[in-house]
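Visitor: I'm passing along protein.txt; it holds compact mmCIF, C-alpha atoms.
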```txt
# COMPACT_ATOMS: atom_id res chain seq x y z
CA MET A 1 0.00 0.00 0.00
CA LEU A 2 2.68 2.46 0.93
CA MET A 3 4.82 3.00 -2.11
CA PHE A 4 8.18 2.59 -0.54
CA LEU A 5 11.30 1.24 -2.09
CA MET A 6 12.10 -0.14 1.31
CA SER A 7 12.61 -3.64 -0.03
CA ALA A 8 15.50 -2.45 -2.08
CA GLU A 9 17.39 -1.17 0.85
CA ASN A 10 20.52 -3.15 0.34
CA ASN A 11 22.89 -3.60 -2.54
CA ALA A 12 22.12 -7.28 -3.01
CA ASP A 13 18.43 -6.54 -3.53
CA ASN A 14 19.30 -3.70 -5.83
CA GLU A 15 21.45 -5.96 -7.96
CA LYS A 16 18.58 -8.43 -8.18
CA ILE A 17 16.23 -5.70 -9.35
CA LYS A 18 18.72 -4.57 -11.96
CA TYR A 19 19.04 -8.15 -13.15
CA LEU A 20 15.28 -8.47 -13.45
CA TYR A 21 15.13 -5.18 -15.34
CA ASN A 22 17.85 -6.11 -17.79
CA ARG A 23 16.50 -9.60 -18.33
CA PHE A 24 12.74 -9.06 -18.45
CA HIS A 25 11.87 -5.40 -18.96
CA GLU A 26 11.50 -5.62 -22.71
CA GLU A 27 9.40 -8.77 -22.57
CA MET A 28 7.16 -7.21 -19.95
CA LEU A 29 6.63 -4.15 -22.12
CA ARG A 30 5.81 -6.27 -25.16
CA ILE A 31 3.34 -8.43 -23.26
CA ALA A 32 1.69 -5.41 -21.67
CA GLU A 33 1.42 -3.51 -24.92
CA GLY A 34 -0.01 -6.54 -26.67
CA LYS A 35 -2.66 -6.99 -24.00
CA PHE A 36 -3.64 -3.32 -24.03
CA ARG A 37 -3.75 -3.28 -27.79
CA LYS A 38 -6.09 -6.28 -27.80
CA SER A 39 -8.23 -4.63 -25.15
CA GLY A 40 -8.80 -1.58 -27.31
CA SER A 41 -6.65 0.88 -25.38
CA PHE A 42 -6.33 4.26 -27.08
CA ASN A 43 -2.69 4.44 -26.04
CA PRO A 44 -1.40 0.92 -25.46
CA THR A 45 2.24 2.00 -25.17
CA GLU A 46 1.53 4.51 -22.44
CA ASP A 47 -0.69 2.06 -20.59
CA ALA A 48 2.03 -0.57 -20.95
CA GLU A 49 4.58 1.83 -19.47
CA ASP A 50 2.31 2.47 -16.50
CA ALA A 51 1.72 -1.22 -15.94
CA VAL A 52 5.42 -2.10 -16.15
CA GLN A 53 6.42 0.73 -13.82
CA CYS A 54 3.83 -0.28 -11.25
CA ALA A 55 4.84 -3.92 -11.61
CA PHE A 56 8.49 -3.10 -11.00
CA TRP A 57 7.59 -1.01 -8.02
CA ARG A 58 5.73 -4.00 -6.59
CA VAL A 59 8.69 -6.22 -7.37
CA THR A 60 10.94 -3.99 -5.29
CA LYS A 61 8.56 -4.46 -2.41
CA TRP A 62 8.35 -8.22 -2.83
CA ILE A 63 11.91 -8.87 -3.92
CA HIS A 64 12.46 -11.07 -0.87
CA LYS A 65 9.82 -13.44 -2.25
CA ILE A 66 11.82 -14.14 -5.38
CA ASP A 67 14.07 -17.14 -5.13
CA PHE A 68 16.95 -16.40 -7.48
CA ASN A 69 18.11 -19.99 -7.29
CA ARG A 70 15.19 -20.95 -9.48
CA ASN A 71 15.33 -20.99 -13.22
CA ASP A 72 14.43 -18.00 -15.35
CA VAL A 73 11.13 -19.53 -16.43
CA GLU A 74 9.83 -19.54 -12.88
CA ILE A 75 11.19 -16.07 -12.17
CA ARG A 76 9.59 -14.79 -15.35
CA ASN A 77 6.27 -16.40 -14.38
CA TYR A 78 6.40 -14.58 -11.07
CA LEU A 79 7.22 -11.22 -12.66
CA MET A 80 4.56 -11.64 -15.31
CA SER A 81 1.98 -12.54 -12.68
CA ILE A 82 2.63 -9.20 -11.04
CA LEU A 83 2.47 -7.47 -14.40
CA PHE A 84 -0.83 -9.20 -15.30
CA ASN A 85 -2.27 -7.96 -12.07
CA GLU A 86 -1.29 -4.39 -12.87
CA ILE A 87 -2.68 -4.74 -16.39
CA ASN A 88 -5.98 -6.00 -15.02
CA THR A 89 -6.09 -3.08 -12.61
CA ILE A 90 -5.70 -0.63 -15.47
CA LEU A 91 -8.14 -2.55 -17.68
CA LYS A 92 -10.79 -2.18 -15.02
CA LYS A 93 -10.88 1.48 -15.97
CA PHE A 94 -12.20 0.41 -19.37
CA PRO A 95 -15.71 -0.62 -18.29
CA LYS A 96 -16.71 -2.38 -21.45
CA LYS A 97 -13.45 -4.18 -21.89
CA ILE A 98 -13.52 -6.36 -18.81
CA ILE A 99 -13.40 -9.88 -20.09
CA TYR A 100 -13.84 -11.82 -16.90
CA CYS A 101 -16.56 -12.03 -14.33
CA GLU A 102 -15.93 -11.20 -10.70
CA ASN A 103 -19.17 -12.75 -9.52
CA TYR A 104 -18.25 -16.17 -8.24
CA ASP A 105 -21.46 -17.15 -6.54
CA ASP A 106 -22.40 -19.48 -9.36
CA VAL A 107 -19.24 -21.51 -9.14
CA LEU A 108 -18.49 -21.69 -5.45
CA ASP A 109 -18.73 -25.24 -4.38
CA ASN A 110 -19.05 -25.86 -0.69
CA THR A 111 -18.62 -29.59 -0.87
CA GLU A 112 -15.25 -30.88 0.21
CA TYR A 113 -13.24 -32.71 -2.36
CA ASN A 114 -9.63 -33.48 -3.02
CA PHE A 115 -8.92 -31.18 -5.89
CA LEU A 116 -5.65 -32.75 -6.95
CA GLU A 117 -6.97 -36.28 -6.79
CA GLU A 118 -9.92 -35.24 -8.87
CA LEU A 119 -7.61 -33.76 -11.48
CA ASP A 120 -5.97 -37.12 -11.91
CA ILE A 121 -2.83 -35.22 -12.75
CA GLN A 122 -0.70 -38.35 -12.95
CA GLN A 123 -2.63 -39.42 -16.02
CA LYS A 124 -3.65 -36.04 -17.40
CA TYR A 125 -0.54 -33.95 -16.83
CA ASN A 126 -0.31 -32.57 -20.38
CA MET A 127 -3.98 -31.71 -20.41
CA VAL A 128 -3.60 -29.83 -17.13
CA VAL A 129 -0.66 -27.84 -18.53
CA GLU A 130 -2.65 -27.03 -21.66
CA ALA A 131 -5.69 -25.98 -19.66
CA ILE A 132 -3.60 -23.74 -17.42
CA SER A 133 -1.97 -22.15 -20.45
CA HIS A 134 -5.42 -21.08 -21.68
CA MET A 135 -6.76 -19.94 -18.34
CA ASN A 136 -7.46 -16.29 -17.58
CA ASP A 137 -4.44 -14.69 -15.88
CA ILE A 138 -6.19 -13.78 -12.68
CA TYR A 139 -6.97 -17.42 -11.92
CA SER A 140 -3.72 -19.00 -13.04
CA THR A 141 -1.61 -16.43 -11.20
CA THR A 142 -3.68 -16.79 -8.04
CA MET A 143 -3.07 -20.55 -8.15
CA MET A 144 0.61 -19.93 -8.84
CA TYR A 145 0.95 -17.69 -5.81
CA ILE A 146 -0.79 -20.24 -3.58
CA TYR A 147 0.71 -23.48 -4.88
CA VAL A 148 4.09 -22.58 -6.39
CA GLU A 149 5.09 -19.57 -4.32
CA GLU A 150 3.38 -21.04 -1.25
CA MET A 151 2.09 -17.66 -0.22
CA SER A 152 -0.74 -17.25 2.26
CA ALA A 153 -4.06 -15.84 1.09
CA LYS A 154 -3.24 -12.73 3.07
CA GLU A 155 0.04 -12.26 1.20
CA VAL A 156 -1.66 -12.87 -2.14
CA ALA A 157 -4.32 -10.34 -1.23
CA LYS A 158 -1.64 -7.77 -0.54
CA ILE A 159 0.34 -8.37 -3.69
CA MET A 160 -2.78 -8.39 -5.88
CA GLY A 161 -4.43 -5.49 -4.09
CA VAL A 162 -7.64 -7.39 -3.43
CA SER A 163 -9.39 -8.78 -0.39
CA GLU A 164 -8.62 -12.22 1.01
CA LYS A 165 -12.15 -13.26 0.08
CA THR A 166 -11.43 -12.41 -3.53
CA VAL A 167 -8.27 -14.52 -3.38
CA TYR A 168 -10.23 -17.52 -2.15
CA THR A 169 -12.98 -17.05 -4.71
CA ARG A 170 -10.48 -16.65 -7.54
CA LEU A 171 -8.75 -19.81 -6.35
CA GLU A 172 -12.02 -21.71 -6.28
CA ARG A 173 -13.04 -20.36 -9.66
CA GLY A 174 -9.64 -21.33 -11.07
CA LYS A 175 -10.05 -24.88 -9.81
CA HIS A 176 -13.57 -25.00 -11.17
CA LEU A 177 -12.46 -23.81 -14.59
CA LEU A 178 -9.60 -26.26 -14.60
CA ARG A 179 -11.93 -29.17 -13.87
CA LYS A 180 -14.31 -28.00 -16.56
CA ALA A 181 -11.47 -27.65 -19.05
CA LEU A 182 -10.36 -31.19 -18.35
CA GLU A 183 -13.89 -32.36 -18.92
CA GLY A 184 -13.68 -30.66 -22.31
CA GLU A 185 -16.32 -28.09 -21.47
CA ILE A 186 -14.49 -24.80 -21.43
CA TYR A 187 -11.25 -22.95 -21.84
CA GLU A 188 -11.11 -19.53 -20.24
CA MET B 1 -2.67 -34.49 0.17
CA ASN B 2 -0.63 -36.62 -2.13
CA LYS B 3 2.76 -34.93 -2.29
CA THR B 4 3.55 -36.31 -5.72
CA ASP B 5 0.30 -34.91 -7.06
CA LEU B 6 1.09 -31.56 -5.49
CA GLU B 7 4.58 -31.43 -6.96
CA LEU B 8 3.19 -32.35 -10.36
CA PHE B 9 0.54 -29.67 -10.09
CA LYS B 10 3.17 -27.05 -9.22
CA GLN B 11 5.17 -28.12 -12.23
CA ALA B 12 2.06 -27.98 -14.42
CA LEU B 13 1.34 -24.46 -13.23
CA VAL B 14 4.88 -23.33 -14.04
CA GLU B 15 4.80 -24.94 -17.48
CA GLY B 16 1.28 -23.81 -18.29
CA ILE B 17 1.88 -20.18 -17.36
CA ALA B 18 5.24 -20.16 -19.17
CA ALA B 19 3.57 -21.59 -22.28
CA LYS B 20 0.95 -18.88 -22.18
CA ILE B 21 3.60 -16.16 -21.84
CA ASP B 22 5.59 -17.65 -24.74
CA ARG B 23 2.47 -17.78 -26.88
CA GLU B 24 1.57 -14.16 -26.10
CA LEU B 25 5.14 -12.98 -26.69
CA ALA B 26 5.12 -14.64 -30.09
CA GLU B 27 2.06 -12.56 -30.99
CA CYS B 28 3.58 -9.29 -29.74
CA PRO B 29 5.67 -6.78 -31.68
CA GLU B 30 9.40 -7.41 -31.49
CA ARG B 31 10.04 -4.13 -29.77
CA VAL B 32 8.04 -1.45 -28.01
CA ILE B 33 9.25 2.12 -28.39
CA CYS B 34 8.86 3.74 -25.00
CA SER B 35 8.96 7.35 -23.91
CA ASN B 36 12.06 8.78 -22.29
CA ALA B 37 9.92 9.50 -19.25
CA HIS B 38 9.33 5.79 -18.84
CA TYR B 39 13.03 5.02 -18.81
CA GLY B 40 13.56 7.86 -16.35
CA ARG B 41 10.95 6.48 -14.00
CA MET B 42 12.31 2.96 -14.34
CA ASN B 43 15.76 4.26 -13.58
CA ARG B 44 14.48 5.78 -10.37
CA ILE B 45 12.82 2.54 -9.39
CA ILE B 46 15.68 0.19 -10.08
CA ASN B 47 18.42 2.43 -8.77
CA LYS B 48 16.76 2.82 -5.37
CA GLU B 49 17.33 6.50 -5.11
CA TYR B 50 15.26 6.46 -1.95
CA VAL B 51 13.02 8.90 -3.65
CA PHE B 52 9.82 8.02 -1.92
CA ASN B 53 7.98 10.37 -4.18
CA LEU B 54 7.20 7.87 -6.89
CA ASN B 55 5.16 9.94 -9.28
CA PHE B 56 5.50 7.28 -11.90
CA ILE B 57 1.92 7.31 -13.08
CA ASN B 58 1.63 9.04 -16.43
CA GLN B 59 0.42 12.58 -16.05
CA LYS B 60 -2.82 11.95 -17.90
CA THR B 61 -4.19 10.43 -14.75
CA LYS B 62 -3.53 13.47 -12.65
CA VAL B 63 -6.90 15.01 -12.03
CA ALA B 64 -6.38 17.44 -9.20
CA SER B 65 -3.78 18.83 -6.88
CA ILE B 66 -4.56 20.58 -3.67
CA ILE B 67 -2.63 22.05 -0.82
CA VAL B 68 -4.10 20.87 2.38
CA ALA B 69 -4.41 23.77 4.78
CA ALA B 70 -5.39 23.96 8.37
CA THR B 71 -9.00 24.31 7.37
CA LEU B 72 -9.37 20.63 6.58
CA VAL B 73 -12.11 18.70 8.20
CA PHE B 74 -10.61 16.84 11.09
CA ALA B 75 -12.07 13.68 12.45
CA GLY B 76 -11.86 11.48 15.47
CA CYS B 77 -9.60 11.38 18.48
CA THR B 78 -8.75 14.34 20.63
CA ASN B 79 -8.77 17.86 19.38
CA ALA B 80 -6.20 18.97 21.90
CA TYR B 81 -4.08 22.08 22.03
CA LYS B 82 -1.48 22.08 19.30
CA ASN B 83 1.79 23.88 19.50
CA GLU B 84 2.36 23.78 15.81
CA ILE B 85 0.36 22.87 12.74
CA ARG B 86 2.49 20.74 10.47
CA ASP B 87 0.64 20.72 7.22
CA PHE B 88 0.49 18.12 4.55
CA ILE B 89 0.74 18.55 0.84
CA GLU B 90 -1.81 16.20 -0.58
CA THR B 91 -1.86 15.54 -4.30
CA ILE B 92 -4.80 13.56 -5.57
CA TYR B 93 -4.51 11.52 -8.74
CA GLU B 94 -7.03 9.21 -10.24
CA GLY B 95 -6.67 6.10 -8.13
CA TYR B 96 -3.68 7.39 -6.22
CA THR B 97 -2.97 9.98 -3.54
CA ASP B 98 0.41 11.40 -2.66
CA ILE B 99 1.20 12.89 0.74
CA LYS B 100 4.33 14.87 1.54
CA PHE B 101 5.46 17.60 3.87
CA SER B 102 8.06 19.55 1.95
CA ASP B 103 9.67 19.98 -1.42
CA ASP B 104 13.15 20.00 0.12
CA LYS B 105 15.71 17.35 -0.67
CA ALA B 106 16.29 14.40 1.61
CA THR B 107 18.89 14.60 4.33
CA ALA B 108 20.41 11.80 6.34
CA ILE B 109 18.75 10.75 9.59
CA SER B 110 20.97 11.92 12.43
CA THR B 111 18.69 11.08 15.36
CA PRO B 112 17.29 7.57 15.03
CA TYR B 113 14.07 6.80 16.87
CA GLU B 114 12.63 3.67 18.35
CA LEU B 115 9.21 2.78 19.70
CA GLY B 116 8.87 2.65 23.45
CA TYR B 117 5.41 1.12 23.20
CA VAL B 118 3.65 -1.29 20.87
CA PRO B 119 0.24 -2.86 21.51
CA GLU B 120 0.20 -6.00 23.60
CA GLY B 121 1.20 -9.19 21.83
CA TYR B 122 3.42 -7.59 19.19
CA GLU B 123 7.09 -8.41 19.07
CA ILE B 124 9.82 -6.97 16.89
CA ALA B 125 10.39 -9.07 13.76
CA ASN B 126 12.61 -6.91 11.61
CA TYR B 127 14.71 -3.76 11.77
CA LEU B 128 16.35 -1.98 8.85
CA LYS B 129 18.42 1.16 8.85
CA ASN B 130 20.16 3.22 6.24
CA ASP B 131 21.00 6.90 5.85
CA THR B 132 17.51 7.96 4.93
CA MET B 133 15.23 5.35 6.43
CA ILE B 134 14.69 3.48 9.65
CA TYR B 135 12.16 0.69 9.66
CA TYR B 136 10.77 -1.51 12.40
CA LEU B 137 8.40 -4.41 11.88
CA PHE B 138 6.35 -5.87 14.72
CA VAL B 139 4.26 -9.01 14.38
CA ASP B 140 1.76 -10.65 16.74
CA GLU B 141 0.92 -14.33 17.05
CA ASN B 142 -1.80 -14.02 14.41
CA ASN B 143 0.68 -12.57 11.93
CA ASN B 144 -0.84 -9.11 12.19
CA MET B 145 1.85 -6.59 11.42
CA ILE B 146 2.68 -3.09 12.55
CA SER B 147 5.51 -1.30 10.78
CA PHE B 148 7.08 1.99 11.75
CA PHE B 149 9.09 4.22 9.43
CA GLN B 150 11.31 7.18 10.23
CA LEU B 151 12.24 9.20 7.17
CA PRO B 152 13.60 12.66 6.41
CA ILE B 153 10.90 15.28 5.92
CA GLY B 154 12.50 16.50 2.70
CA GLY B 155 12.43 14.15 -0.24
CA THR B 156 9.81 11.88 1.31
CA SER B 157 6.31 11.34 0.11
CA PHE B 158 3.82 8.61 0.79
CA GLY B 159 1.75 7.15 -2.01
CA PHE B 160 -1.58 5.45 -1.53
CA TYR B 161 -3.64 3.52 -4.02
CA THR B 162 -7.20 4.71 -3.58
CA GLU B 163 -9.07 2.99 -6.37
CA GLN B 164 -9.81 -0.07 -4.24
CA GLY B 165 -11.98 2.01 -1.92
CA GLY B 166 -11.30 2.79 1.71
CA TYR B 167 -11.20 6.28 3.15
CA SER B 168 -8.88 9.02 4.39
CA GLU B 169 -9.16 11.29 7.39
CA TYR B 170 -7.07 13.55 9.55
CA LEU B 171 -6.66 12.81 13.21
CA TYR B 172 -5.20 14.78 16.06
CA VAL B 173 -3.33 12.52 18.42
CA ALA B 174 -0.73 13.45 21.00
CA ASN B 175 -0.43 16.98 19.59
CA ASP B 176 0.33 15.64 16.15
CA LYS B 177 -1.82 15.96 13.07
CA ILE B 178 -2.02 12.57 11.41
CA TYR B 179 -3.16 11.53 7.97
CA HIS B 180 -4.96 8.21 8.28
CA ARG B 181 -5.63 6.11 5.21
CA LYS B 182 -7.70 2.93 5.42
CA ASN B 183 -7.42 0.64 2.44
CA THR B 184 -8.61 -2.91 1.97
CA ALA B 185 -5.38 -4.36 3.26
CA CYS B 186 -4.36 -2.15 6.17
CA HIS B 187 -4.35 1.17 7.96
CA CYS B 188 -1.66 3.78 7.41
CA TYR B 189 -0.91 6.71 9.68
CA VAL B 190 1.42 9.44 8.45
CA TRP B 191 2.69 12.50 10.26
CA ASN B 192 5.81 14.47 11.07
CA ASP B 193 7.18 15.57 14.40
CA GLY B 194 8.95 18.66 13.09
CA SER B 195 12.18 16.75 12.59
CA TYR B 196 11.23 13.62 10.67
CA ALA B 197 8.43 12.16 8.58
CA LEU B 198 6.95 9.22 10.45
CA SER B 199 4.48 6.54 9.55
CA LEU B 200 2.80 3.52 11.01
CA GLU B 201 1.22 0.81 8.90
CA SER B 202 -0.99 -1.65 10.70
CA ASP B 203 -3.09 -4.59 9.57
CA LEU B 204 -5.55 -3.80 12.34
CA GLU B 205 -6.98 -0.39 13.05
CA LEU B 206 -5.25 1.21 16.00
CA THR B 207 -7.42 2.87 18.62
CA CYS B 208 -6.79 6.50 19.45
CA GLU B 209 -5.41 5.39 22.79
CA GLU B 210 -3.00 2.97 21.16
CA LEU B 211 -1.93 5.59 18.65
CA GLU B 212 -1.35 8.10 21.40
CA MET B 213 0.68 5.63 23.44
CA ILE B 214 2.78 4.67 20.42
CA ILE B 215 3.43 8.29 19.46
CA ASN B 216 4.17 9.37 23.03
CA GLY B 217 6.44 6.36 23.35
CA ILE B 218 8.65 7.31 20.42
CA LYS B 219 12.10 8.02 21.77
CA ILE B 220 15.63 8.53 20.59
CA LYS B 221 17.37 5.22 20.07
CA GLU B 222 20.28 4.81 22.43
```
What do you get writing this file as structure tokens?

Guide:
Amino acid sequence: MLMFLMSAENNADNEKIKYLYNRFHEEMLRIAEGKFRKSGSFNPTEDAEDAVQCAFWRVTKWIHKIDFNRNDVEIRNYLMSILFNEINTILKKFPKKIIYCENYDDVLDNTEYNFLEELDIQQKYNMVVEAISHMNDIYSTTMMYIYVEEMSAKEVAKIMGVSEKTVYTRLERGKHLLRKALEGEIYE
Amino acid sequence: MNKTDLELFKQALVEGIAAKIDRELAECPERVICSNAHYGRMNRIINKEYVFNLNFINQKTKVASIIVAATLVFAGCTNAYKNEIRDFIETIYEGYTDIKFSDDKATAISTPYELGYVPEGYEIANYLKNDTMIYYLFVDENNNMISFFQLPIGGTSFGFYTEQGGYSEYLYVANDKIYHRKNTACHCYVWNDGSYALSLESDLELTCEELEMIINGIKIKE
């Protein structure tokens, strides 16, 4: 919430941020511009600049969450998840361009089930990867924060700038969509 | 939970998201020509200039700028005698508000503070110090956090996202005028004591009594 660069208070963190900038800045700009262009932005480059700047600011705050021992693919996923969140925040200012629904009441399932067992991921691994690759960013990144980054809902809420309830509902919706995709019903 | 399933699912998430990014990159232009202003702002971010005034939102979003004078509507807490009004400069953007005290440049902190009081149950979890910032983090058993910042008055501003709702108000506590911002995630309290810009960020709303005890408990670190 407070826009401090406090996370970058030491040289090691600063070097990490510079590395991220040199390695991923261009790709982040391209992705952001492409998304804004598709969304009908009047100035996709300027919107992309805003999104990338805000994303990098957030990265400075959460730099301690980035494990630099991981490979670049995972680091890029993490950075892009932050960027997607900033893009979605800006896109919300385009009322008719919102492409996802934030009303989850129709998909919340109160019955307990073992999500991973139900996925049958041992047998359907490639299908799961494919389904995730077609999923809306807000759901796939929420699942990534929870499962890959092992962040708490509270931490995810902070990094995404939403309430904890929204984190849980996005997680549930993501699982729901994944199950439906595996059943061949939907890709979102 | 089957650990193998979990590890596979993590791997699937990493691969799936990476595949999506690769696919989108392939559809994007090879290069985006950015403005010089963008590179300037990025330079400020990545080179940690300790410029807390991160006006990195493009100027098109700036909708109003006001100087907050002593005629603001004050709310809550005590309205006690004040020796000195230390005004805020509040700049309101679309979805973002910036608070600062001065346009001067930052100077090093020569008199470090510490908190003599924190609400019951909180214990210190982190402490950072450099020339222009001192930071304490306190955490309770439920992982609720309170952080305290000491910063130079010059060169410091505090930015708040406002588009997610919440509210702002001014409080008078312990002879200090405090800007209080409530967002979805936490409460922020910003003020200056005539020597330094100070802020508290708390997951839980602090009562006026707690605020007063914290502020009165601020002392020079030995």

Visitor: If you measure from atom CA of Asp193 of chain B to atom CA of Gln150 of chain B, what distance in Å do you get, rounded to one decimal?

Guide: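 Straight-line distance from atom CA of Asp193 of chain B to atom CA of Gln150 of chain B works out to 10.2 Å.
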
Visitor: Determine, for each residue of chain B having at least one atom at most 6 Å from an atom of chain A, the closest pair of atoms and their separation in Å to one decimal, counting only C-alpha atoms; order by chain and ascending number, as JSON lines.

Guide:
```
{"residue": "B:Lys10", "atom": "CA", "partner": "A:Val148", "partner_atom": "CA", "distance": 5.4}
{"residue": "B:Ala12", "atom": "CA", "partner": "A:Val129", "partner_atom": "CA", "distance": 4.9}
{"residue": "B:Gly16", "atom": "CA", "partner": "A:Ser133", "partner_atom": "CA", "distance": 4.2}
{"residue": "B:Ile17", "atom": "CA", "partner": "A:Ser133", "partner_atom": "CA", "distance": 5.3}
{"residue": "B:Ala19", "atom": "CA", "partner": "A:Ser133", "partner_atom": "CA", "distance": 5.9}
{"residue": "B:Lys20", "atom": "CA", "partner": "A:Ser133", "partner_atom": "CA", "distance": 4.7}
{"residue": "B:Leu25", "atom": "CA", "partner": "A:Ile31", "partner_atom": "CA", "distance": 6.0}
{"residue": "B:Cys28", "atom": "CA", "partner": "A:Gly34", "partner_atom": "CA", "distance": 5.5}
{"residue": "B:Ile46", "atom": "CA", "partner": "A:Lys18", "partner_atom": "CA", "distance": 6.0}
{"residue": "B:Phe52", "atom": "CA", "partner": "A:Phe4", "partner_atom": "CA", "distance": 5.8}
{"residue": "B:Ile57", "atom": "CA", "partner": "A:Asp50", "partner_atom": "CA", "distance": 5.9}
{"residue": "B:Gly159", "atom": "CA", "partner": "A:Met3", "partner_atom": "CA", "distance": 5.2}
{"residue": "B:Phe160", "atom": "CA", "partner": "A:Leu2", "partner_atom": "CA", "distance": 5.8}
```

Visitor: Could you put an axis-aligned box around every listed atom of segment 68-85 of chain A, padded by 5 Å on each side, and send me its centre and edge lengths in Å to one decimal, as AutoDock Vina command-line options?

Guide:
```
--center_x 7.9 --center_y -14.2 --center_z -11.9 --size_x 30.4 --size_y 23.5 --size_z 19.1
```

Visitor: Nearest to Tyr168 of chain A: which of A:Asn71, A:Ser39, A:Gln123, A:Thr142 is it, counting all atoms listed in the file?

Guide: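 Answer, going by the shortest atom-to-atom distance: A:Thr142.
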
Visitor: When distances are computed from all atoms listed in the file, which of B:Ala106, B:Ser168, B:Leu115, B:Asp140 shows the smallest separation from Pro152 of chain B?

Guide: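 Of all the options, B:Ala106 lies closest to Pro152 of chain B.
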
Visitor: Write out as a PyMOL selection string which residues come within 6 Å of Ile146 of chain B when counting all atoms listed in the file, dropping same-chain ones fewer than 5 positions away.

Guide: chain B and resi 137-138+201-202

Visitor: Nearest to Leu198 of chain B: which of B:Val118, B:Cys34, B:Ile45, B:Ile178 is it, counting all atoms listed in the file?

Guide: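 Smallest separation from Leu198 of chain B among the options: B:Ile178.
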
Visitor: Please indicate the distance in Å from atom CA of Gly217 of chain B to atom CA of Tyr179 of chain B, rounded to one decimal place.

Guide: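 Here the two named atoms are 18.9 Å from each other.
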
Visitor: What would segment 36-40 of chain B look like with all heavy atoms restored, written as a tab-separated table (two decimals), in the frame of the given file?

Guide:
```tsv
chain	number	residue	atom	x	y	z
B	36	ASN	N	10.91	8.55	-23.17
B	36	ASN	CA	12.06	8.78	-22.29
B	36	ASN	C	11.63	8.86	-20.84
B	36	ASN	O	12.37	8.47	-19.93
B	36	ASN	CB	12.77	10.07	-22.69
B	36	ASN	CG	13.52	9.91	-24.00
B	36	ASN	OD1	13.93	8.81	-24.36
B	36	ASN	ND2	13.69	11.00	-24.72
B	37	ALA	N	10.42	9.39	-20.63
B	37	ALA	CA	9.92	9.50	-19.25
B	37	ALA	C	9.83	8.12	-18.60
B	37	ALA	O	10.13	7.96	-17.42
B	37	ALA	CB	8.55	10.18	-19.25
B	38	HIS	N	9.43	7.14	-19.39
B	38	HIS	CA	9.33	5.79	-18.84
B	38	HIS	C	10.70	5.30	-18.36
B	38	HIS	O	10.83	4.78	-17.25
B	38	HIS	CB	8.78	4.83	-19.89
B	38	HIS	CG	8.86	3.39	-19.50
B	38	HIS	ND1	8.09	2.84	-18.51
B	38	HIS	CD2	9.67	2.38	-19.95
B	38	HIS	CE1	8.40	1.55	-18.37
B	38	HIS	NE2	9.35	1.25	-19.23
B	39	TYR	N	11.70	5.49	-19.21
B	39	TYR	CA	13.03	5.02	-18.81
B	39	TYR	C	13.54	5.79	-17.59
B	39	TYR	O	14.23	5.24	-16.73
B	39	TYR	CB	14.00	5.13	-19.99
B	39	TYR	CG	13.72	4.11	-21.06
B	39	TYR	CD1	13.20	4.48	-22.29
B	39	TYR	CD2	13.92	2.76	-20.82
B	39	TYR	CE1	12.90	3.55	-23.26
B	39	TYR	CE2	13.63	1.81	-21.78
B	39	TYR	CZ	13.11	2.21	-23.01
B	39	TYR	OH	12.81	1.27	-23.94
B	40	GLY	N	13.18	7.08	-17.52
B	40	GLY	CA	13.56	7.86	-16.35
B	40	GLY	C	12.93	7.32	-15.08
B	40	GLY	O	13.58	7.16	-14.04
```
